[in-house]
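Step one of this worksheet: look at the structure below.
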Amino acid sequence: MLLLAVAAWLGGDAVFRGSGRTPWVALAGLLFVVPLIIAFTLRPVVFAGERRLLVRNPFRTITLPWGCVEDVRAAYSSEVFVADGAKYQMWAIPVSLRKRKAAARRGGGDGGDPLSSQVSSQTLSQGPAQAPADQAISEIRELAGRHADVSGEPVVRWAFEVIGPSVVGAVLLVVLGVLG
């Protein structure tokens, strides 16, 4: 939110107080930057319900019925694996090796190797001391196992509401730069 406030403040000042090409460059810059800020900060989310897993990343939205989810794990990043061999990152569930080590220390586990407490279908620590990402992956895996009978195909949709304005803003910046 702070990045959006700074962009609005600087861009608004350039638009309203600027002269010559400055307001146009500021508008093009805002059109380029604001969707990217929103895409990387506010947009990523993971929704897990009874029928599907919805993963919304900065530039794509992936809808996965539980029947096509093969595995969910967190190593250096959170990932979901699909029956057709595809792998999708879950940006909204960041893996913190520092928090994983702290949870291992609290739980009395080995905190030396960052991947020693890696959550996968083979090794899952059910103890009370888990890092937040590992806890979220455990819950998603439990839902996947409980609702594995829900069938369907994965649906991947590009986020043109983010890509479109950013591309238009970039093109406008290039055109304004060339026109000098």
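Each chain of the structure tokens is named A, B, ... in the order shown, its residues numbered from 1; ligands are numbered from 1 in display order.
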Using 7 Å as the limit and counting only C-alpha atoms, can you tabulate each residue of segment 62-110 of chain A that touches segment 53-57 of chain A, with its shortest atom-to-atom distance in Å and the two atoms involved, as CSV?
residue,atom,partner,partner_atom,distance
A:Ile62,CA,A:Val55,CA,5.1
A:Thr63,CA,A:Leu54,CA,4.6
A:Leu64,CA,A:Leu53,CA,5.1
A:Pro65,CA,A:Leu53,CA,6.2
A:Trp66,CA,A:Leu53,CA,6.7
A:Met90,CA,A:Val55,CA,6.3
A:Trp91,CA,A:Asn57,CA,5.9
Which neighbours of Ile140 of chain A fall inside 8 Å, counting only C-alpha atoms, when residues of the same chain fewer than 3 positions from it are skipped, and could you give them as a ChimeraX atom specification? /A:48,72,136-137,143-144
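Closest approach to Ile93 of chain A among A:Val80, A:Ala133, A:Leu179, A:Leu3: A:Ala133, based on only C-alpha atoms.
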Hey, can you check how far atom CA of Ile38 of chain A sits from atom CA of Leu2 of chain A?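 Spanning atom CA of Ile38 of chain A to atom CA of Leu2 of chain A is a straight-line distance of 11.3 Å.
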Find, counting only C-alpha atoms, the residue in A:Val171, A:Leu176, A:Ala103, A:Val6 that gets nearest to Leu31 of chain A.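 Closest to Leu31 of chain A, using only C-alpha atoms: A:Val171.
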Please identify all polymer residues within 12 Å of Arg141 of chain A, counting only C-alpha atoms, omitting same-chain residues fewer than 2 positions from it, and present them as a PyMOL selection string. chain A and resi 48-49+53+66+69-74+78-81+119-122+124+134-139+143-148
Selected residues, C-alpha atoms, written as an mmCIF file, in the first residue's frame, please.
data_model
loop_
_atom_site.group_PDB
_atom_site.id
_atom_site.type_symbol
_atom_site.label_atom_id
_atom_site.label_comp_id
_atom_site.auth_asym_id
_atom_site.auth_seq_id
_atom_site.Cartn_x
_atom_site.Cartn_y
_atom_site.Cartn_z
ATOM 1 C CA ALA A 48 -8.897 -23.951 -1.028
ATOM 2 C CA GLY A 49 -12.505 -25.103 -0.915
ATOM 3 C CA LEU A 53 -7.906 -25.133 -5.327
ATOM 4 C CA TRP A 66 -9.005 -31.627 -6.288
ATOM 5 C CA VAL A 69 -3.962 -32.432 -7.717
ATOM 6 C CA GLU A 70 -1.188 -35.017 -7.323
ATOM 7 C CA ASP A 71 0.956 -33.409 -4.640
ATOM 8 C CA VAL A 72 1.451 -30.167 -2.746
ATOM 9 C CA ARG A 73 4.802 -29.367 -1.193
ATOM 10 C CA ALA A 74 6.991 -26.597 0.123
ATOM 11 C CA SER A 78 5.268 -23.635 -2.385
ATOM 12 C CA GLU A 79 4.239 -25.778 -5.336
ATOM 13 C CA VAL A 80 1.268 -27.816 -6.470
ATOM 14 C CA PHE A 81 1.760 -30.712 -8.888
ATOM 15 C CA VAL A 119 7.052 -30.780 3.648
ATOM 16 C CA SER A 120 6.259 -33.387 1.010
ATOM 17 C CA SER A 121 3.915 -36.333 0.722
ATOM 18 C CA GLN A 122 6.641 -38.635 2.068
ATOM 19 C CA LEU A 124 5.235 -34.466 6.953
ATOM 20 C CA ASP A 134 4.396 -25.818 6.169
ATOM 21 C CA GLN A 135 1.188 -25.520 8.161
ATOM 22 C CA ALA A 136 -0.696 -24.114 5.141
ATOM 23 C CA ILE A 137 0.665 -26.870 2.891
ATOM 24 C CA SER A 138 -0.432 -29.484 5.447
ATOM 25 C CA GLU A 139 -3.959 -28.070 5.424
ATOM 26 C CA LEU A 143 -8.192 -30.985 1.759
ATOM 27 C CA ALA A 144 -6.773 -32.602 -1.383
ATOM 28 C CA GLY A 145 -6.930 -36.026 0.228
ATOM 29 C CA ARG A 146 -10.426 -35.483 1.583
ATOM 30 C CA HIS A 147 -11.878 -34.235 -1.728
ATOM 31 C CA ALA A 148 -9.844 -36.318 -4.206
#
What lies within 12 Å of Leu10 of chain A using only C-alpha atoms, ignoring chain neighbours under 2 positions off, as a compact mmCIF listing (two decimals) with N, CA, C and O atoms, in the first residue's frame?
# COMPACT_ATOMS: atom_id res chain seq x y z
N LEU A 3 3.78 1.58 -1.45
CA LEU A 3 4.25 1.81 -2.83
C LEU A 3 3.18 2.49 -3.67
O LEU A 3 3.48 3.38 -4.47
N LEU A 4 1.93 2.07 -3.52
CA LEU A 4 0.84 2.70 -4.26
C LEU A 4 0.67 4.16 -3.84
O LEU A 4 0.43 5.03 -4.68
N ALA A 5 0.79 4.41 -2.54
CA ALA A 5 0.65 5.79 -2.06
C ALA A 5 1.78 6.67 -2.60
O ALA A 5 1.53 7.81 -3.03
N VAL A 6 3.00 6.16 -2.61
CA VAL A 6 4.13 6.94 -3.14
C VAL A 6 3.96 7.18 -4.64
O VAL A 6 4.19 8.29 -5.14
N ALA A 7 3.53 6.14 -5.38
CA ALA A 7 3.32 6.30 -6.82
C ALA A 7 2.21 7.32 -7.09
O ALA A 7 2.35 8.17 -7.98
N ALA A 8 1.12 7.26 -6.32
CA ALA A 8 0.03 8.22 -6.50
C ALA A 8 0.48 9.64 -6.15
O ALA A 8 0.13 10.60 -6.85
N GLY A 12 0.74 11.94 -9.18
CA GLY A 12 -0.26 13.01 -9.12
C GLY A 12 0.37 14.39 -9.14
O GLY A 12 -0.12 15.31 -9.80
N ASP A 13 1.47 14.52 -8.42
CA ASP A 13 2.18 15.81 -8.42
C ASP A 13 2.69 16.15 -9.82
O ASP A 13 2.56 17.28 -10.27
N ALA A 14 3.24 15.15 -10.52
CA ALA A 14 3.76 15.39 -11.87
C ALA A 14 2.63 15.71 -12.84
O ALA A 14 2.79 16.55 -13.74
N VAL A 15 1.48 15.06 -12.68
CA VAL A 15 0.36 15.30 -13.58
C VAL A 15 -0.22 16.70 -13.37
O VAL A 15 -0.49 17.41 -14.33
N PHE A 16 -0.42 17.09 -12.13
CA PHE A 16 -1.10 18.35 -11.85
C PHE A 16 -0.18 19.57 -11.85
O PHE A 16 -0.62 20.67 -12.14
N ARG A 17 1.09 19.38 -11.53
CA ARG A 17 2.00 20.52 -11.47
C ARG A 17 3.01 20.55 -12.61
O ARG A 17 3.68 21.56 -12.79
N GLY A 18 3.12 19.45 -13.33
CA GLY A 18 4.11 19.37 -14.40
C GLY A 18 3.73 20.21 -15.60
O GLY A 18 2.59 20.62 -15.78
N THR A 22 5.70 16.31 -19.21
CA THR A 22 5.79 15.68 -17.89
C THR A 22 4.49 15.01 -17.45
O THR A 22 4.52 13.87 -16.99
N PRO A 23 3.33 15.66 -17.59
CA PRO A 23 2.09 14.98 -17.18
C PRO A 23 1.83 13.69 -17.98
O PRO A 23 1.36 12.70 -17.42
N VAL A 25 4.11 11.74 -19.47
CA VAL A 25 5.08 10.72 -19.05
C VAL A 25 4.67 10.15 -17.69
O VAL A 25 4.77 8.94 -17.45
N ALA A 26 4.20 11.00 -16.81
CA ALA A 26 3.77 10.53 -15.48
C ALA A 26 2.56 9.60 -15.60
O ALA A 26 2.51 8.56 -14.94
N LEU A 27 1.60 9.96 -16.45
CA LEU A 27 0.43 9.09 -16.64
C LEU A 27 0.83 7.75 -17.24
O LEU A 27 0.34 6.69 -16.81
N GLY A 29 3.76 6.35 -17.00
CA GLY A 29 4.51 5.64 -15.96
C GLY A 29 3.59 5.02 -14.92
O GLY A 29 3.80 3.88 -14.48
N LEU A 30 2.56 5.77 -14.51
CA LEU A 30 1.58 5.22 -13.57
C LEU A 30 0.82 4.04 -14.18
O LEU A 30 0.57 3.03 -13.50
What parts of chain A does DSSP call strand (DSSP E or B)? I'd like the answer as a PyMOL selection string. chain A and resi 45-48+52-56+60-65+69-74+78-82+87-89+119+155-158
Hey, can you spit out that residue selection with C-alpha atoms as a compact mmCIF listing (two decimals), in the first residue's frame?
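Result file follows (again_20.txt):
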# COMPACT_ATOMS: atom_id res chain seq x y z
CA VAL A 45 -3.85 -15.56 -3.11
CA VAL A 46 -4.67 -19.25 -2.62
CA PHE A 47 -8.27 -20.33 -2.03
CA ALA A 48 -8.90 -23.95 -1.03
CA ARG A 52 -11.17 -26.89 -6.03
CA LEU A 53 -7.91 -25.13 -5.33
CA LEU A 54 -7.66 -21.65 -6.81
CA VAL A 55 -4.15 -20.20 -7.12
CA ARG A 56 -3.97 -16.55 -8.15
CA ARG A 60 -2.11 -16.12 -14.00
CA THR A 61 -5.09 -17.65 -12.23
CA ILE A 62 -5.02 -21.44 -11.97
CA THR A 63 -8.16 -23.36 -11.02
CA LEU A 64 -7.46 -26.96 -10.03
CA PRO A 65 -10.23 -29.43 -9.14
CA VAL A 69 -3.96 -32.43 -7.72
CA GLU A 70 -1.19 -35.02 -7.32
CA ASP A 71 0.96 -33.41 -4.64
CA VAL A 72 1.45 -30.17 -2.75
CA ARG A 73 4.80 -29.37 -1.19
CA ALA A 74 6.99 -26.60 0.12
CA SER A 78 5.27 -23.63 -2.39
CA GLU A 79 4.24 -25.78 -5.34
CA VAL A 80 1.27 -27.82 -6.47
CA PHE A 81 1.76 -30.71 -8.89
CA VAL A 82 -1.01 -31.74 -11.27
CA LYS A 87 3.78 -27.70 -11.65
CA TYR A 88 2.42 -24.37 -10.42
CA GLN A 89 3.99 -22.03 -7.87
CA VAL A 119 7.05 -30.78 3.65
CA VAL A 155 -7.98 -24.16 -16.03
CA VAL A 156 -5.23 -21.59 -16.49
CA ARG A 157 -6.24 -18.01 -17.28
CA TRP A 158 -3.84 -15.17 -17.94
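With only C-alpha atoms as the basis for measurement, A:Pro58 is the residue among A:Pro58, A:Arg51, A:Glu153, A:Gly180 that approaches Ile37 of chain A most closely.
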Please give the complete set of residues from chain A that DSSP, run on the backbone, assigns to alpha helix (DSSP H), formatted as a VMD selection string. chain A and resid 2 to 17 22 to 41 97 to 107 132 to 146 160 to 179
Point out the residue among A:Pro44, A:Gly67, A:Pro35, A:Pro94 with the least atom-to-atom distance to Pro165 of chain A, counting only C-alpha atoms.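 Closest candidate: A:Pro35.
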Counting only C-alpha atoms, figure out which residue out of A:Ala104, A:Val33, A:Ala86, A:Val95 gets nearest to Val162 of chain A.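 Checking each of A:Ala104, A:Val33, A:Ala86, A:Val95 against Val162 of chain A, counting only C-alpha atoms, the winner is A:Val33.
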Could you check which of A:Val34, A:Ala39, A:Ala83, A:Val178 is closest to Gly152 of chain A, using only C-alpha atoms?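 Closest candidate: A:Ala83.
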What does the distance between atom CA of Ser77 of chain A and atom CA of Ala102 of chain A come to in Å, to one decimal place?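 Computing the Euclidean distance for atom CA of Ser77 of chain A and atom CA of Ala102 of chain A yields 17.5 Å.
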